[in-house]
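In what follows, a structure is listed as structure tokens, so that the remarks can point back to it.
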Amino acid sequence: MAHHEPIGLIAPNTGLAQLNERSRDIFRQIVESYLATGEPVGSRNISRLISMPLSPASVRNVMADLEQLGLIYAPHTSAGRLPTELGLRFFVDALMQVGDLTEPERQSIQAQLSSVGQAKTVEAALGEALTRLSGLTRAAAVVLTAKSNVRLKHIEFVRLEPERALVILVAEDGQVENRVLVLPPGVPSSALTEASNFLNARIRGRTLAESRLELETMLSQDRTELDQLTQKVISAGIASWSGGDGEDRQLIVRGHANLLGDLHALEDLERVRRLFDDLETKRGVVDLLGRAESAEGVRIFIGSENKLFSLSGSSTIIAPYSDGAGHIVGVLGVIGPTRLNYARVIPMVDYTARIVSQMLGG
């Protein structure tokens, strides 16, 4: 795969960007130590790590300045320092080198995802991709996809009661979806058959969204030779397909257990418990992931930048993926602690989204 442009991230605050080299070096050591261990780091250790010779006292002076800027804080009295959420954002946007994956890493991801293309349904393929991504990043992996993006193969109206029918939608990938439809009074069985025949002649190979748009246009311009009752059946069917956002969106989560593998204290356990609760509240996750669908490339939300995960102090790294026509049809990524290995995870999420797009013909 050809090298792609670096991922564009939010521009840093100009005041923070003017840190001198010594301050940046010390700040980078604090953040990298936190990302590696989750523990605060003190001035004595930093004085040994930085490239320029500085006494612990001089390091403490710089740390005091960094604290005033809101980039670091002391979790306990006389302890070392940890980065704040603002500090993490500054590090990710201004200091971190987001490289591309190495060729062996790309080949590894492609090899691990090669079996995904043989999955029988899009949902199964995405689930497989998430399992691989979760294993590679040691975080929980998520995908948000729109059910309406599957290509349709067949539709059938089956009467249940005088004024209720079952709409059976069969997709090209084998998915079957049933919805109960309220019929207008007086609809004969012949109108259900005529509606099925009319739709099957026009929807094959189209998505629900594409079918909806064309049928609504045809009905509004009265370009059909259908009787009024059959038109009402089709209009009611279109309304039922529209569903709600909740029905029309599908959230898949894999790798919850990865979030339990690196707990340092009881507060870590409480944070993960809250994150599990957040993930169960699917509506919020759907809203969050939906915010990335209109964006190009990777989006990063750190801690309270996203209200959903503000209590659990979690980070989300997500990227959109496309279908064969180049339309964005969903987003995928990872959710984990704020001490994710951003430099490693960002290109992995980006590359996985690209591979999934290729799988879907994008």
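Scheme for the structure tokens: letters A, B, ... for chains in order shown; per-chain residue numbers from 1; ligand numbers from 1 in order shown.
By chain and then residue number, the residues within 10 Å of Arg151 (chain A) are Lys147, Ser148, Asn149, Lys153, His154, Val170, Ala171, Glu172, Asp173, Gly174, Gln175, Ile203, Arg204, Gly205, Arg206, Thr207, Leu208, Ala209, Glu210 and Ser211 of chain A, counting only C-alpha atoms and disregarding those fewer than 2 positions away in sequence.
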| region 50-250 of chain A: which residues are alpha helix (DSSP H) by DSSP, as a ChimeraX atom specification? | /A:56-68,85-90,103-113,122-137,189-203,208-220,228-242,245-248
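Here the question is which of A:Leu126, A:Gly303, A:Leu340, A:Ile318 gets nearest to Glu85 (chain A) using only C-alpha atoms, and that residue is A:Gly303.
Nearest residue to Ile50 (chain A) among A:Asp323, A:Glu21, A:Glu305, A:Asp350 is A:Glu21, counting only C-alpha atoms.
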Excluding Phe198 (chain A) and any residue of its chain fewer than 3 positions from it, enumerate the residues within 10 Å of it, using only C-alpha atoms, and give them as a PDB file with all heavy atoms, in the first residue's frame.
```pdb
ATOM      1  N   ILE A 155     -37.858  -8.425  -1.663  1.00  0.00           N
ATOM      2  CA  ILE A 155     -38.776  -7.936  -0.633  1.00  0.00           C
ATOM      3  C   ILE A 155     -40.103  -8.665  -0.765  1.00  0.00           C
ATOM      4  O   ILE A 155     -40.514  -9.029  -1.883  1.00  0.00           O
ATOM      5  CB  ILE A 155     -38.978  -6.410  -0.754  1.00  0.00           C
ATOM      6  CG1 ILE A 155     -39.816  -5.885   0.400  1.00  0.00           C
ATOM      7  CG2 ILE A 155     -39.629  -6.024  -2.081  1.00  0.00           C
ATOM      8  CD1 ILE A 155     -39.829  -4.377   0.510  1.00  0.00           C
ATOM      9  N   LEU A 192     -50.900  -6.287  -1.962  1.00  0.00           N
ATOM     10  CA  LEU A 192     -49.618  -6.694  -1.361  1.00  0.00           C
ATOM     11  C   LEU A 192     -48.741  -7.373  -2.406  1.00  0.00           C
ATOM     12  O   LEU A 192     -47.532  -7.131  -2.483  1.00  0.00           O
ATOM     13  CB  LEU A 192     -49.858  -7.636  -0.177  1.00  0.00           C
ATOM     14  CG  LEU A 192     -50.619  -7.069   1.023  1.00  0.00           C
ATOM     15  CD1 LEU A 192     -50.741  -8.123   2.114  1.00  0.00           C
ATOM     16  CD2 LEU A 192     -49.938  -5.833   1.564  1.00  0.00           C
ATOM     17  N   THR A 193     -49.361  -8.224  -3.225  1.00  0.00           N
ATOM     18  CA  THR A 193     -48.605  -8.907  -4.282  1.00  0.00           C
ATOM     19  C   THR A 193     -48.092  -7.909  -5.311  1.00  0.00           C
ATOM     20  O   THR A 193     -46.920  -7.962  -5.734  1.00  0.00           O
ATOM     21  CB  THR A 193     -49.499  -9.954  -4.982  1.00  0.00           C
ATOM     22  OG1 THR A 193     -50.007 -10.855  -3.997  1.00  0.00           O
ATOM     23  CG2 THR A 193     -48.721 -10.715  -6.043  1.00  0.00           C
ATOM     24  N   GLU A 194     -48.963  -6.959  -5.681  1.00  0.00           N
ATOM     25  CA  GLU A 194     -48.562  -5.955  -6.672  1.00  0.00           C
ATOM     26  C   GLU A 194     -47.432  -5.077  -6.127  1.00  0.00           C
ATOM     27  O   GLU A 194     -46.480  -4.747  -6.852  1.00  0.00           O
ATOM     28  CB  GLU A 194     -49.768  -5.085  -7.052  1.00  0.00           C
ATOM     29  CG  GLU A 194     -49.472  -4.161  -8.227  1.00  0.00           C
ATOM     30  CD  GLU A 194     -50.687  -3.332  -8.643  1.00  0.00           C
ATOM     31  OE1 GLU A 194     -51.733  -3.421  -7.969  1.00  0.00           O
ATOM     32  OE2 GLU A 194     -50.566  -2.602  -9.642  1.00  0.00           O
ATOM     33  N   ALA A 195     -47.513  -4.719  -4.846  1.00  0.00           N
ATOM     34  CA  ALA A 195     -46.458  -3.900  -4.226  1.00  0.00           C
ATOM     35  C   ALA A 195     -45.137  -4.655  -4.211  1.00  0.00           C
ATOM     36  O   ALA A 195     -44.076  -4.089  -4.506  1.00  0.00           O
ATOM     37  CB  ALA A 195     -46.864  -3.510  -2.805  1.00  0.00           C
ATOM     38  N   ALA A 201     -38.854  -5.245  -8.830  1.00  0.00           N
ATOM     39  CA  ALA A 201     -38.363  -4.849 -10.153  1.00  0.00           C
ATOM     40  C   ALA A 201     -37.435  -3.641 -10.069  1.00  0.00           C
ATOM     41  O   ALA A 201     -36.742  -3.326 -11.033  1.00  0.00           O
ATOM     42  CB  ALA A 201     -39.549  -4.528 -11.064  1.00  0.00           C
ATOM     43  N   ARG A 202     -37.414  -2.970  -8.906  1.00  0.00           N
ATOM     44  CA  ARG A 202     -36.673  -1.699  -8.812  1.00  0.00           C
ATOM     45  C   ARG A 202     -35.599  -1.631  -7.729  1.00  0.00           C
ATOM     46  O   ARG A 202     -34.740  -0.763  -7.767  1.00  0.00           O
ATOM     47  CB  ARG A 202     -37.671  -0.554  -8.586  1.00  0.00           C
ATOM     48  CG  ARG A 202     -38.502  -0.265  -9.824  1.00  0.00           C
ATOM     49  CD  ARG A 202     -39.766   0.517  -9.515  1.00  0.00           C
ATOM     50  NE  ARG A 202     -40.498   0.774 -10.764  1.00  0.00           N
ATOM     51  CZ  ARG A 202     -41.294  -0.119 -11.348  1.00  0.00           C
ATOM     52  NH1 ARG A 202     -41.456  -1.325 -10.804  1.00  0.00           N
ATOM     53  NH2 ARG A 202     -41.910   0.167 -12.481  1.00  0.00           N
ATOM     54  N   ILE A 203     -35.645  -2.537  -6.743  1.00  0.00           N
ATOM     55  CA  ILE A 203     -34.724  -2.377  -5.604  1.00  0.00           C
ATOM     56  C   ILE A 203     -33.493  -3.270  -5.687  1.00  0.00           C
ATOM     57  O   ILE A 203     -32.522  -3.024  -4.975  1.00  0.00           O
ATOM     58  CB  ILE A 203     -35.444  -2.681  -4.262  1.00  0.00           C
ATOM     59  CG1 ILE A 203     -35.858  -4.154  -4.221  1.00  0.00           C
ATOM     60  CG2 ILE A 203     -36.615  -1.748  -4.055  1.00  0.00           C
ATOM     61  CD1 ILE A 203     -36.283  -4.621  -2.841  1.00  0.00           C
ATOM     62  N   THR A 224     -46.180   6.333 -11.483  1.00  0.00           N
ATOM     63  CA  THR A 224     -46.477   4.898 -11.442  1.00  0.00           C
ATOM     64  C   THR A 224     -47.899   4.662 -11.948  1.00  0.00           C
ATOM     65  O   THR A 224     -48.715   5.578 -11.984  1.00  0.00           O
ATOM     66  CB  THR A 224     -46.365   4.341 -10.013  1.00  0.00           C
ATOM     67  OG1 THR A 224     -47.461   4.860  -9.248  1.00  0.00           O
ATOM     68  CG2 THR A 224     -45.067   4.761  -9.358  1.00  0.00           C
ATOM     69  N   LEU A 226     -49.776   2.412 -10.449  1.00  0.00           N
ATOM     70  CA  LEU A 226     -50.337   1.627  -9.349  1.00  0.00           C
ATOM     71  C   LEU A 226     -51.639   2.251  -8.868  1.00  0.00           C
ATOM     72  O   LEU A 226     -51.821   3.468  -8.943  1.00  0.00           O
ATOM     73  CB  LEU A 226     -49.343   1.583  -8.186  1.00  0.00           C
ATOM     74  CG  LEU A 226     -47.962   0.989  -8.504  1.00  0.00           C
ATOM     75  CD1 LEU A 226     -47.019   1.245  -7.339  1.00  0.00           C
ATOM     76  CD2 LEU A 226     -48.064  -0.502  -8.774  1.00  0.00           C
ATOM     77  N   THR A 230     -52.308   0.281  -3.418  1.00  0.00           N
ATOM     78  CA  THR A 230     -50.960  -0.273  -3.570  1.00  0.00           C
ATOM     79  C   THR A 230     -49.915   0.801  -3.287  1.00  0.00           C
ATOM     80  O   THR A 230     -48.893   0.537  -2.641  1.00  0.00           O
ATOM     81  CB  THR A 230     -50.765  -0.837  -4.987  1.00  0.00           C
ATOM     82  OG1 THR A 230     -51.789  -1.804  -5.256  1.00  0.00           O
ATOM     83  CG2 THR A 230     -49.396  -1.492  -5.129  1.00  0.00           C
ATOM     84  N   ILE A 234     -46.874   0.795  -0.410  1.00  0.00           N
ATOM     85  CA  ILE A 234     -45.457   1.106  -0.670  1.00  0.00           C
ATOM     86  C   ILE A 234     -45.007   2.281   0.198  1.00  0.00           C
ATOM     87  O   ILE A 234     -43.918   2.251   0.785  1.00  0.00           O
ATOM     88  CB  ILE A 234     -45.244   1.392  -2.168  1.00  0.00           C
ATOM     89  CG1 ILE A 234     -45.461   0.101  -2.969  1.00  0.00           C
ATOM     90  CG2 ILE A 234     -43.840   1.947  -2.424  1.00  0.00           C
ATOM     91  CD1 ILE A 234     -45.510   0.294  -4.465  1.00  0.00           C
TER      92      ILE A 234
END
```
| Non-local contacts of region 25-37 of chain A (9 Å; only C-alpha atoms; under 4 positions in same chain excluded) as number ranges by chain | A: 20-21, 41-42, 46-47, 49-52, 59, 62-63, 66, 71-72, 81-83, 87-88, 91, 95-96, 338-342
Selection export as a PDB file, in the first residue's frame, atoms kept: N, CA and C atoms:
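As written to disk, result33.pdb reads:
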```pdb
ATOM      1  N   ASN A  20       9.885  25.978  25.000  1.00  0.00           N
ATOM      2  CA  ASN A  20      11.248  25.819  24.485  1.00  0.00           C
ATOM      3  C   ASN A  20      11.626  24.342  24.457  1.00  0.00           C
ATOM      4  N   GLU A  21      12.758  24.070  23.852  1.00  0.00           N
ATOM      5  CA  GLU A  21      13.152  22.677  23.630  1.00  0.00           C
ATOM      6  C   GLU A  21      13.311  21.915  24.944  1.00  0.00           C
ATOM      7  N   VAL A  41       5.939  10.297  37.302  1.00  0.00           N
ATOM      8  CA  VAL A  41       7.392  10.278  37.228  1.00  0.00           C
ATOM      9  C   VAL A  41       7.923  11.531  37.915  1.00  0.00           C
ATOM     10  N   GLY A  42       9.027  11.382  38.671  1.00  0.00           N
ATOM     11  CA  GLY A  42       9.583  12.490  39.444  1.00  0.00           C
ATOM     12  C   GLY A  42      10.760  13.153  38.746  1.00  0.00           C
ATOM     13  N   ILE A  46      13.510  12.007  35.686  1.00  0.00           N
ATOM     14  CA  ILE A  46      13.512  12.757  34.430  1.00  0.00           C
ATOM     15  C   ILE A  46      14.899  13.313  34.133  1.00  0.00           C
ATOM     16  N   SER A  47      15.603  13.773  35.175  1.00  0.00           N
ATOM     17  CA  SER A  47      16.942  14.338  34.953  1.00  0.00           C
ATOM     18  C   SER A  47      17.895  13.294  34.371  1.00  0.00           C
ATOM     19  N   LEU A  49      16.771  10.907  32.271  1.00  0.00           N
ATOM     20  CA  LEU A  49      16.238  10.495  30.972  1.00  0.00           C
ATOM     21  C   LEU A  49      16.446  11.520  29.864  1.00  0.00           C
ATOM     22  N   ILE A  50      16.424  12.793  30.226  1.00  0.00           N
ATOM     23  CA  ILE A  50      16.458  13.828  29.186  1.00  0.00           C
ATOM     24  C   ILE A  50      17.825  13.936  28.528  1.00  0.00           C
ATOM     25  N   SER A  51      17.824  14.482  27.312  1.00  0.00           N
ATOM     26  CA  SER A  51      19.057  14.512  26.519  1.00  0.00           C
ATOM     27  C   SER A  51      20.057  15.553  27.034  1.00  0.00           C
ATOM     28  N   MET A  52      19.564  16.671  27.584  1.00  0.00           N
ATOM     29  CA  MET A  52      20.479  17.717  28.062  1.00  0.00           C
ATOM     30  C   MET A  52      20.689  17.575  29.566  1.00  0.00           C
ATOM     31  N   VAL A  59      14.908  20.640  36.827  1.00  0.00           N
ATOM     32  CA  VAL A  59      13.762  19.920  36.245  1.00  0.00           C
ATOM     33  C   VAL A  59      12.489  20.299  36.985  1.00  0.00           C
ATOM     34  N   VAL A  62      11.081  23.578  35.781  1.00  0.00           N
ATOM     35  CA  VAL A  62      10.371  23.442  34.498  1.00  0.00           C
ATOM     36  C   VAL A  62       9.021  22.769  34.721  1.00  0.00           C
ATOM     37  N   MET A  63       9.001  21.746  35.593  1.00  0.00           N
ATOM     38  CA  MET A  63       7.740  21.049  35.871  1.00  0.00           C
ATOM     39  C   MET A  63       6.710  22.004  36.484  1.00  0.00           C
ATOM     40  N   LEU A  66       5.236  23.876  33.639  1.00  0.00           N
ATOM     41  CA  LEU A  66       4.322  23.017  32.888  1.00  0.00           C
ATOM     42  C   LEU A  66       3.002  22.831  33.639  1.00  0.00           C
ATOM     43  N   LEU A  71      -0.551  21.486  31.783  1.00  0.00           N
ATOM     44  CA  LEU A  71      -0.162  20.304  31.018  1.00  0.00           C
ATOM     45  C   LEU A  71       0.089  19.085  31.889  1.00  0.00           C
ATOM     46  N   ILE A  72       0.497  19.300  33.138  1.00  0.00           N
ATOM     47  CA  ILE A  72       0.763  18.188  34.061  1.00  0.00           C
ATOM     48  C   ILE A  72       0.165  18.520  35.420  1.00  0.00           C
ATOM     49  N   ARG A  81       4.767  13.577  38.568  1.00  0.00           N
ATOM     50  CA  ARG A  81       3.738  14.256  37.793  1.00  0.00           C
ATOM     51  C   ARG A  81       3.170  13.346  36.704  1.00  0.00           C
ATOM     52  N   LEU A  82       1.900  13.624  36.376  1.00  0.00           N
ATOM     53  CA  LEU A  82       1.194  12.949  35.286  1.00  0.00           C
ATOM     54  C   LEU A  82       0.676  13.999  34.314  1.00  0.00           C
ATOM     55  N   PRO A  83       0.483  13.643  33.043  1.00  0.00           N
ATOM     56  CA  PRO A  83      -0.105  14.607  32.107  1.00  0.00           C
ATOM     57  C   PRO A  83      -1.598  14.780  32.366  1.00  0.00           C
ATOM     58  N   GLY A  87      -2.743  18.158  28.497  1.00  0.00           N
ATOM     59  CA  GLY A  87      -1.374  17.770  28.177  1.00  0.00           C
ATOM     60  C   GLY A  87      -1.329  16.645  27.152  1.00  0.00           C
ATOM     61  N   LEU A  88      -2.200  15.644  27.326  1.00  0.00           N
ATOM     62  CA  LEU A  88      -2.247  14.541  26.369  1.00  0.00           C
ATOM     63  C   LEU A  88      -2.643  15.042  24.986  1.00  0.00           C
ATOM     64  N   PHE A  91       0.273  16.809  23.479  1.00  0.00           N
ATOM     65  CA  PHE A  91       1.280  15.828  23.073  1.00  0.00           C
ATOM     66  C   PHE A  91       0.882  15.167  21.753  1.00  0.00           C
ATOM     67  N   LEU A  95       3.452  17.142  19.506  1.00  0.00           N
ATOM     68  CA  LEU A  95       4.772  16.560  19.765  1.00  0.00           C
ATOM     69  C   LEU A  95       4.937  15.131  19.256  1.00  0.00           C
ATOM     70  N   MET A  96       3.845  14.396  19.206  1.00  0.00           N
ATOM     71  CA  MET A  96       3.960  12.975  18.869  1.00  0.00           C
ATOM     72  C   MET A  96       4.220  12.782  17.380  1.00  0.00           C
ATOM     73  N   THR A 338      -6.848   6.487  28.716  1.00  0.00           N
ATOM     74  CA  THR A 338      -6.171   7.631  28.099  1.00  0.00           C
ATOM     75  C   THR A 338      -4.702   7.334  27.840  1.00  0.00           C
ATOM     76  N   ARG A 339      -4.149   6.300  28.477  1.00  0.00           N
ATOM     77  CA  ARG A 339      -2.753   5.986  28.224  1.00  0.00           C
ATOM     78  C   ARG A 339      -2.588   4.944  27.117  1.00  0.00           C
ATOM     79  N   LEU A 340      -3.446   5.033  26.112  1.00  0.00           N
ATOM     80  CA  LEU A 340      -3.251   4.233  24.903  1.00  0.00           C
ATOM     81  C   LEU A 340      -1.919   4.594  24.253  1.00  0.00           C
ATOM     82  N   ASN A 341      -1.348   3.655  23.531  1.00  0.00           N
ATOM     83  CA  ASN A 341      -0.136   3.942  22.766  1.00  0.00           C
ATOM     84  C   ASN A 341      -0.564   4.608  21.454  1.00  0.00           C
ATOM     85  N   TYR A 342      -0.814   5.932  21.530  1.00  0.00           N
ATOM     86  CA  TYR A 342      -1.397   6.656  20.406  1.00  0.00           C
ATOM     87  C   TYR A 342      -0.583   6.504  19.121  1.00  0.00           C
TER      88      TYR A 342
END
```
| task | Find the residues near Leu229 (chain A): any atom within 10 Å, counting only C-alpha atoms, skip ones fewer than 5 places away on the same chain, and give them as a list of chain:residue names. | result | A:Leu183, A:Pro184, A:Pro185, A:Gly186, A:Val187, A:Pro188, A:Ala191, A:Leu192, A:Ala195, A:Ile234, A:Ser235
Based on the selection just made, write all heavy atoms of those residues as a CSV table (one decimal), in the first residue's frame.
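Contents of result.csv, as written:
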```csv
chain,number,residue,atom,x,y,z
A,183,LEU,N,-51.2,-1.6,7.8
A,183,LEU,CA,-51.7,-1.4,6.5
A,183,LEU,C,-52.9,-0.4,6.5
A,183,LEU,O,-53.6,-0.3,7.5
A,183,LEU,CB,-52.3,-2.7,6.0
A,183,LEU,CG,-51.2,-3.8,5.7
A,183,LEU,CD1,-52.0,-5.1,5.4
A,183,LEU,CD2,-50.3,-3.4,4.6
A,184,PRO,N,-53.1,0.3,5.5
A,184,PRO,CA,-54.3,1.2,5.3
A,184,PRO,C,-55.5,0.3,5.3
A,184,PRO,O,-55.5,-0.9,4.9
A,184,PRO,CB,-54.1,1.9,4.0
A,184,PRO,CG,-52.7,1.7,3.7
A,184,PRO,CD,-52.2,0.5,4.3
A,185,PRO,N,-56.7,0.8,5.8
A,185,PRO,CA,-57.9,0.0,5.8
A,185,PRO,C,-58.3,-0.5,4.4
A,185,PRO,O,-58.1,0.3,3.4
A,185,PRO,CB,-58.9,0.9,6.4
A,185,PRO,CG,-58.2,1.9,7.1
A,185,PRO,CD,-56.9,2.1,6.4
A,186,GLY,N,-58.8,-1.7,4.3
A,186,GLY,CA,-59.3,-2.2,3.0
A,186,GLY,C,-58.3,-2.6,2.0
A,186,GLY,O,-58.7,-2.8,0.8
A,187,VAL,N,-57.1,-2.9,2.4
A,187,VAL,CA,-56.0,-3.3,1.4
A,187,VAL,C,-56.3,-4.8,1.0
A,187,VAL,O,-56.2,-5.7,1.9
A,187,VAL,CB,-54.6,-3.1,1.9
A,187,VAL,CG1,-53.6,-3.8,1.0
A,187,VAL,CG2,-54.3,-1.7,2.1
A,188,PRO,N,-56.5,-5.1,-0.2
A,188,PRO,CA,-56.7,-6.5,-0.6
A,188,PRO,C,-55.3,-7.2,-0.7
A,188,PRO,O,-54.3,-6.6,-0.9
A,188,PRO,CB,-57.4,-6.4,-2.0
A,188,PRO,CG,-56.9,-5.2,-2.6
A,188,PRO,CD,-56.7,-4.2,-1.4
A,191,ALA,N,-53.1,-6.2,-3.6
A,191,ALA,CA,-52.3,-5.0,-3.5
A,191,ALA,C,-50.9,-5.3,-2.9
A,191,ALA,O,-49.9,-4.7,-3.3
A,191,ALA,CB,-53.0,-4.0,-2.7
A,192,LEU,N,-50.9,-6.3,-2.0
A,192,LEU,CA,-49.6,-6.7,-1.4
A,192,LEU,C,-48.7,-7.4,-2.4
A,192,LEU,O,-47.5,-7.1,-2.5
A,192,LEU,CB,-49.9,-7.6,-0.2
A,192,LEU,CG,-50.6,-7.1,1.0
A,192,LEU,CD1,-50.7,-8.1,2.1
A,192,LEU,CD2,-49.9,-5.8,1.6
A,195,ALA,N,-47.5,-4.7,-4.8
A,195,ALA,CA,-46.5,-3.9,-4.2
A,195,ALA,C,-45.1,-4.7,-4.2
A,195,ALA,O,-44.1,-4.1,-4.5
A,195,ALA,CB,-46.9,-3.5,-2.8
A,234,ILE,N,-46.9,0.8,-0.4
A,234,ILE,CA,-45.5,1.1,-0.7
A,234,ILE,C,-45.0,2.3,0.2
A,234,ILE,O,-43.9,2.3,0.8
A,234,ILE,CB,-45.2,1.4,-2.2
A,234,ILE,CG1,-45.5,0.1,-3.0
A,234,ILE,CG2,-43.8,1.9,-2.4
A,234,ILE,CD1,-45.5,0.3,-4.5
A,235,SER,N,-45.8,3.3,0.3
A,235,SER,CA,-45.5,4.5,1.1
A,235,SER,C,-45.3,4.1,2.6
A,235,SER,O,-44.4,4.5,3.3
A,235,SER,CB,-46.6,5.6,1.0
A,235,SER,OG,-46.6,6.1,-0.3
```
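Closest approach to Arg106 (chain A) among A:His76, A:Leu136, A:Ala125, A:Gly330 is made by A:Leu136 (distances from only C-alpha atoms).
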| request: Tell me which protein, DNA and RNA residues are within 10 Å of Pro320 (chain A), counting only C-alpha atoms, leaving out same-chain ones fewer than 6 positions away, and put them as a list in words. | output: Val143, Leu144, Thr145, Leu289, Gly290, Ala292, Glu293, Ser294, Ala295, Glu296, Gly297, Val298, Arg299, His327, Ile328, Val329, Gly330, Val331, Leu332, Gly333, Val349, Asp350, Ala353, Arg354, Val356 and Ser357 of chain A
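As for CA of Val286 (chain A) and CA of Ala129 (chain A), they are spaced 18.6 Å apart.
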| query | So which residues of region 137-178 of chain A fall under strand (DSSP E or B) by DSSP, listed as JSON, numbers by chain? | reply | {"A": [140, 141, 142, 143, 144, 145, 146, 151, 152, 153, 154, 155, 156, 157, 158, 159, 160, 161, 164, 165, 166, 167, 168, 169, 170, 171, 176, 177, 178]}
| note | The distance between CA of Ile335 (chain A) and CA of Ser315 (chain A) is 5.8 Å
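When CA of Gly80 (chain A) is paired with CA of Gly336 (chain A), their separation reads 23.5 Å.
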